[in-house]
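Structure first, commentary second.
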Amino acid sequence: MDQIKQQIEALREELNRHNYNYYVLSTPTISDFEFDEKLKKLSDLEIQYPEYFDVNSPTQRVGSDINKSFKQVLHKYPMLSLGNTYTESEVTDFYNRVQKGLNDDFEIVCELKYDGTSISLTYIDGKLTQAVTRGDGVQGDDVTANVRTIRSVPLRLQGNDYPDEFEIRGEILMPWSVFDKLNKERAEQEEILFANPRNAGSGTLKQQDPKIVASRKLDSYLYYMLGENLPSDGHYENLMKAKEWGFKISDATKKCKTLDEIFEYIKYWDIERKNLPVATDGIVLKVNSLTQQRNLGYTSKFPRWAIAFKFQAEKAVTTLESVTYQVGRTGAVTPVANLTPVKLSGTTVKRASLYNEDYINQLDLHINDQVYVEKGGEIIPKITGVDISKRGIFDEKVEFTKECPECGTSLVKDEGEAIYYCPNDLSCPPQLKGRIEHFCTRKAMNISCGPETVEHLYNARLISNVSDLYTLKWQDVSRLERWAEKSAKNLIDSIHASVSVPYPRVLFALGIRYVGETVAKKLALAFPSIDMLMAAGVEDLVQVDEIGERIAQSIVKYFGESANVELVNRLKGFGIQFELSEDIISQRTDKLQGLSIVISGTFEKHSRDEYKVMIEQNGGKNSGSISAKTSYVLAGDNMGPAKLEKAQNLGITILNEDEFLEMIK
Ligand code: IVH
């Protein structure tokens with residue numbers, strides 16, 4: 001038996017080493033095939049001898065267990081952010097402040113500022129035990145299962161001179177290459193694209209299923225070690241030790257003494273960062289000595305011993321070839337600039353958002369203008385200016401279209417609004433299709449019918465409004481080109497299942513302008529059946545908390561159109577839920593009327609979401625942050641100390657679960 005254990009251990013060690021060579025050093029010494037063979041061998045042994053199971057085995061990187069929600073964990077040391085600077089003179093000011101504060105020699109460590117999701121990793125006896133996101137800085141989400149799948153995060157450390165227990169902080173990142181591939185796949189499936197690798201990475205890290213995380217190939221860079229028995233008083237020296245233990249530490253980390261060296265570093269990396277595989281948005285300067293860091297201390301928000309310098313967003317100049325217009329499901333018309341393709345931050349830019357008529361007028365845009373485009377972390381870049389000196393005298397001024405580009409109807413604009421709408425909501429094709437798409441989305445009716453399917457069914461004249469979905473037959477669908485019987489049946493099944501979607505979501509699904517998910521919930525509680533809502537006037541609607549004149553008008557207008565009333569009636573005929581279910585109505589009270597309650601921490605008896613519903617059902621308001629207006633804080637375990645202190649300072653009563661439940665009993 002011992003021999004088996006030794007064999008397993010040896011394979012684990014070997015595979016860990018190859019992982020490190022591949023993911024941290026980027027210099028593999030064996031082929032992928034050989035690696036997979038060895039991994040398979042280890043996996044077979046582990047299955048055969050389950051007594052040697054170890055969460056830190058390289059076989060566990062694929063992600064196995066599905067956990068439902070993230071545990072909140074209190075940070076042992078709060079996770080602070082840094083003060084930002086944008087100019088050389090602000091950097092000089094920082095340097096001078098440090099010099100004055102210390103009145104002694106000091107070194108500054110220059111690092112890249114990685115643009116990802118910050119993470120805090122705990123290692124005990126050389127093993128990864130916990131990975132927690134920043135959260136609010138005081139407590140974060142326990143995402144250990146997900147982080148275990150990230151290959152450059154060591155599960156076990158190399159060597160033996162690491163402290164028994166320490167934390168190391170850094171950034172989890174999605175490399176550009178993975179991001180581009182992921183978005184390409186999403187575009188093909190007509191899913192919403194991620195705006196940038198940071199959003200894609202943090203979205204991935206918050207996935208409930210570690211298998212998805214494993215498939216997304218995240219990376220990590222570590223830049224800050226904390227603990228009682230660190231190897232050195234130098235931050236830089238500690239990072240170099242961490243590198244020996246197997247962590248991915250940026251090779252760009254550099255110790256500097258003078259301001260000139262710092263500026264040289266900034267200049268070099270402002271250019272060179274474009275060749276890096278991951279996103280960076282600046283550099284970070286840190287005083288090297290931990291003793292000196294302690295002496296400098298912290299302001300109320302930031303350390304005095306470190307600062308971030310943010311790079312200017314990259315700009316490019318190109319020609320504005322034309323302006324076209326897109327029509328959304330609510331009829332909103334958005335202008336888009338079509339540009340001569342130009343390279344910007346590693347991608348080719350062909351289009352830029354122009355937002356609305358005012359934006360175009362402010363820029364005084366003319367066709368053929370030389371325009372500056374900038375990428376501010378969004379996928380669609382924006383035009384930030386025009387080089388007027390390059391304008392020709394015959395270049396035509398851009399006038400916002402007065403007609404719908406899709407159906408020719410004259411556009412309208414409400415007073416005080418920036419956006420033009422196509423009022424032809426009954427037959428303008430993108431509006432019809434857009435409303436069906438919205439109706440089907442997951443948060444609405446959850447019907448498996450994305451934009452491409454809607455397009456297909458609409459073009460085949462099988463559907464022209466949402467009620468047509470309920471008369472669709474799988475035989476009709478499967479007769480269409482590219483439709484297999486199975487997917488046609490799946491679609492029909494999901495349509496049938498949608499009749500049990502609760503009323504608030506149905507209300508949201510109708511796509512009434514300004515009625516988002518939250519407003520729909522509020523309306524459903526105040527008007528527990530669609531008939532009551534349809535009978536309500538503006539003056540009744542504005543009585544509801546957070547429903548203003550604009551939303552109220554939009555609802556009255558919607559139900560003022562006979563086509564919409566007919567649609568609701570048809571949907572009723574198909575059994576769609578247009579009333580709040582009895583159990584929700586019977587639980588409604590006014591016990592918390594006029595009270596604003598903040599929920600904080602984790603609970604035993606109900607989830608946070610359940611408590612939120614309870615507050616609303618009893619007439620109270622759930623608010624996100626503590627202020628003088630807060631009536632109570634409903635506090636569970638691990639309430640953040642900052643929140644606690646704030647509540648105490650404001651003299652707000654703190655309720656525990658039982659006290660709250662007693663209040664609404
Ligand atoms: S040090 C107390 N170093 O930028 C100092 N942060 O606003 C803790 N970041 O929240 C942070 N690269 O998420 C540090 N080399 C680096 C960094 C870095 C990126 C992020 C981090 C932090 C934010 C600071």
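Ordering of the structure tokens sets the chain letters (A, B, ...), residue numbers begin anew at 1 in every chain, and ligands are numbered from 1 in the order given.
Selecting all polymer residues at most 6 Å from ligand 1, using only C-alpha atoms and all ligand atoms, gives Leu80, Ser81, Leu82, Glu111, Leu112, Lys113, Tyr114, Asp115, Thr117, Ser118, Tyr223, Val284 and Pro303 of chain A.
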request  = Write down as a PyMOL selection string the residues belonging to region 272-346 of chain A that are assigned strand (DSSP E) by DSSP computed on the backbone.
outcome  = chain A and resi 280-287+306-310+315-327+333-344
key: Nearby residues (only C-alpha atoms) at most 7 Å from Val412 (chain A), same-chain spacing under 3 positions excluded, as number ranges by chain   = A: 420-423
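Going from CA of Val515 (chain A) to CA of Thr589 (chain A) covers 24.0 Å.
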ask   = To one decimal place, how far is CA of Phe106 (chain A) from CA of Gly246 (chain A) in Å?
value = 28.2 Å
Residues flagged helix (DSSP H, G or I) by DSSP in region 24-88 of chain A, as a list in words =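 These are the residues in question: Val24, Asp32, Phe33, Glu34, Phe35, Asp36, Glu37, Lys38, Leu39, Lys40, Lys41, Leu42, Ser43, Asp44, Leu45, Glu46, Ile47, Gln48, Pro50, Glu51, Tyr52, Pro58, Thr59, Gln60, Arg61, Val62 and Glu88 of chain A.
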key: Best match for closeness to Leu469 (chain A) among A:Ala308, A:Ile271, A:Leu457, A:Val178, counting only C-alpha atoms   =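 Nearest to Leu469 (chain A): A:Leu457.
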key: Long-range neighbours of Tyr22 (chain A) as a list in words, 10 Å cut-off, only C-alpha atoms, 6 positions minimum in chain   =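 Contacts, in chain order: Asn16, Pro28, Thr29, Ile30, Asp32, Arg151 and Ser152 of chain A.
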ask   = Nearest to Pro58 (chain A) among A:Ile283, A:Ile172, A:Val153, A:Leu230, with distances taken over only C-alpha atoms: which residue is it?
value =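 Among the listed residues, the smallest separation from Pro58 (chain A) belongs to A:Val153.
Nearest residue to Ala313 (chain A), choosing from A:Arg505, A:Lys286, A:Lys350, A:Lys375 and counting only C-alpha atoms: A:Lys375.
The two atoms in question, CA of Glu396 (chain A) and CA of Tyr359 (chain A), are spaced 16.9 Å apart.
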inquiry  = Please list as a ChimeraX atom specification every residue within 12 Å of region 475-488 of chain A, counting only C-alpha atoms and excluding residues in the same chain fewer than 6 positions away.
reply    = /A:448-449,452-454,456-463,469,494-495
query = Which neighbours of region 193-200 of chain A fall inside 12 Å, counting only C-alpha atoms, when residues of the same chain fewer than 6 positions from it are skipped, and could you give them as a PyMOL selection string?
reply = chain A and resi 114-118+171-187+206-207+213+216-219+277-281+345+375-381
Just write the chosen residues, C-alpha atoms, as a short mmCIF file (atom, residue, chain, number, x, y, z; two decimals), in the first residue's frame.
```cif
data_model
loop_
_atom_site.label_atom_id
_atom_site.label_comp_id
_atom_site.auth_asym_id
_atom_site.auth_seq_id
_atom_site.Cartn_x
_atom_site.Cartn_y
_atom_site.Cartn_z
CA TYR A 114 -3.01 44.43 -13.37
CA ASP A 115 -6.59 45.08 -14.41
CA GLY A 116 -8.42 42.07 -13.07
CA THR A 117 -10.21 40.89 -9.93
CA SER A 118 -8.30 41.11 -6.68
CA GLU A 171 -5.12 39.66 -9.34
CA ILE A 172 -7.05 37.00 -11.23
CA LEU A 173 -7.08 37.78 -14.93
CA MET A 174 -8.55 36.51 -18.13
CA PRO A 175 -5.85 36.66 -20.83
CA TRP A 176 -6.75 38.64 -23.98
CA SER A 177 -6.59 35.48 -26.11
CA VAL A 178 -9.12 33.66 -23.92
CA PHE A 179 -11.33 36.75 -23.79
CA ASP A 180 -11.37 37.13 -27.57
CA LYS A 181 -12.21 33.47 -28.07
CA LEU A 182 -14.94 33.52 -25.43
CA ASN A 183 -16.60 36.59 -26.92
CA LYS A 184 -16.39 35.11 -30.39
CA GLU A 185 -18.25 32.04 -29.17
CA ARG A 186 -20.79 34.20 -27.39
CA ALA A 187 -21.34 36.31 -30.50
CA LYS A 206 -18.33 34.11 -9.56
CA GLN A 207 -19.60 31.13 -11.53
CA VAL A 213 -14.19 28.29 -14.39
CA ARG A 216 -12.15 29.57 -19.06
CA LYS A 217 -8.40 29.36 -18.40
CA LEU A 218 -7.90 32.24 -16.00
CA ASP A 219 -4.44 33.38 -14.96
CA PRO A 277 -0.96 38.66 -22.59
CA VAL A 278 -3.16 40.30 -19.95
CA ALA A 279 -4.68 43.75 -19.33
CA THR A 280 -2.88 46.37 -17.27
CA ASP A 281 -4.12 49.87 -16.57
CA SER A 345 -5.16 48.55 -28.03
CA LYS A 375 -11.37 52.61 -25.69
CA GLY A 376 -12.47 53.09 -22.13
CA GLY A 377 -12.69 49.45 -21.16
CA GLU A 378 -15.81 48.97 -23.27
CA ILE A 379 -16.01 46.80 -26.35
CA ILE A 380 -17.46 49.53 -28.48
CA PRO A 381 -15.07 52.46 -28.40
#
```
Who sits within 7 Å of Phe603 (chain A), only C-alpha atoms, same chain under 3 positions skipped, as a PyMOL selection string = chain A and resi 606-607+636-637
For the selection you just gave me, I'd like the residues written to a file as a compact mmCIF listing (two decimals), in the first residue's frame, keeping N, CA, C and O atoms.
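Result written to selection-v9.txt:
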```
# COMPACT_ATOMS: atom_id res chain seq x y z
N HIS A 606 -32.98 31.92 6.80
CA HIS A 606 -33.41 32.23 5.44
C HIS A 606 -32.23 32.84 4.70
O HIS A 606 -31.29 33.32 5.32
N SER A 607 -32.33 32.85 3.36
CA SER A 607 -31.25 33.48 2.58
C SER A 607 -31.48 34.99 2.57
O SER A 607 -32.56 35.48 2.92
N GLY A 636 -26.69 39.43 10.12
CA GLY A 636 -26.42 38.02 10.32
C GLY A 636 -25.01 37.85 10.84
O GLY A 636 -24.43 38.79 11.41
N ASP A 637 -24.43 36.67 10.62
CA ASP A 637 -23.05 36.45 11.03
C ASP A 637 -22.13 37.25 10.12
O ASP A 637 -22.48 37.54 8.98
```
ask   = Which of these, A:Gly560, A:Pro154, A:Gly201, A:Gly346, has the shortest distance to Leu222 (chain A) once you count only C-alpha atoms?
value =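 Nearest candidate to Leu222 (chain A) out of A:Gly560, A:Pro154, A:Gly201, A:Gly346: A:Pro154.
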request  = Kindly indicate which residue among A:Arg588, A:Arg12, A:Lys473, A:Lys248 lies nearest to Lys665 (chain A), using only C-alpha atoms for the distances.
outcome  =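 Residue with the minimum atom-to-atom distance to Lys665 (chain A): A:Arg588.
Of the listed residues (A:Ile8, A:Ile492, A:Leu157, A:Leu285), A:Ile8 comes nearest to Leu45 (chain A); the distances count only C-alpha atoms.
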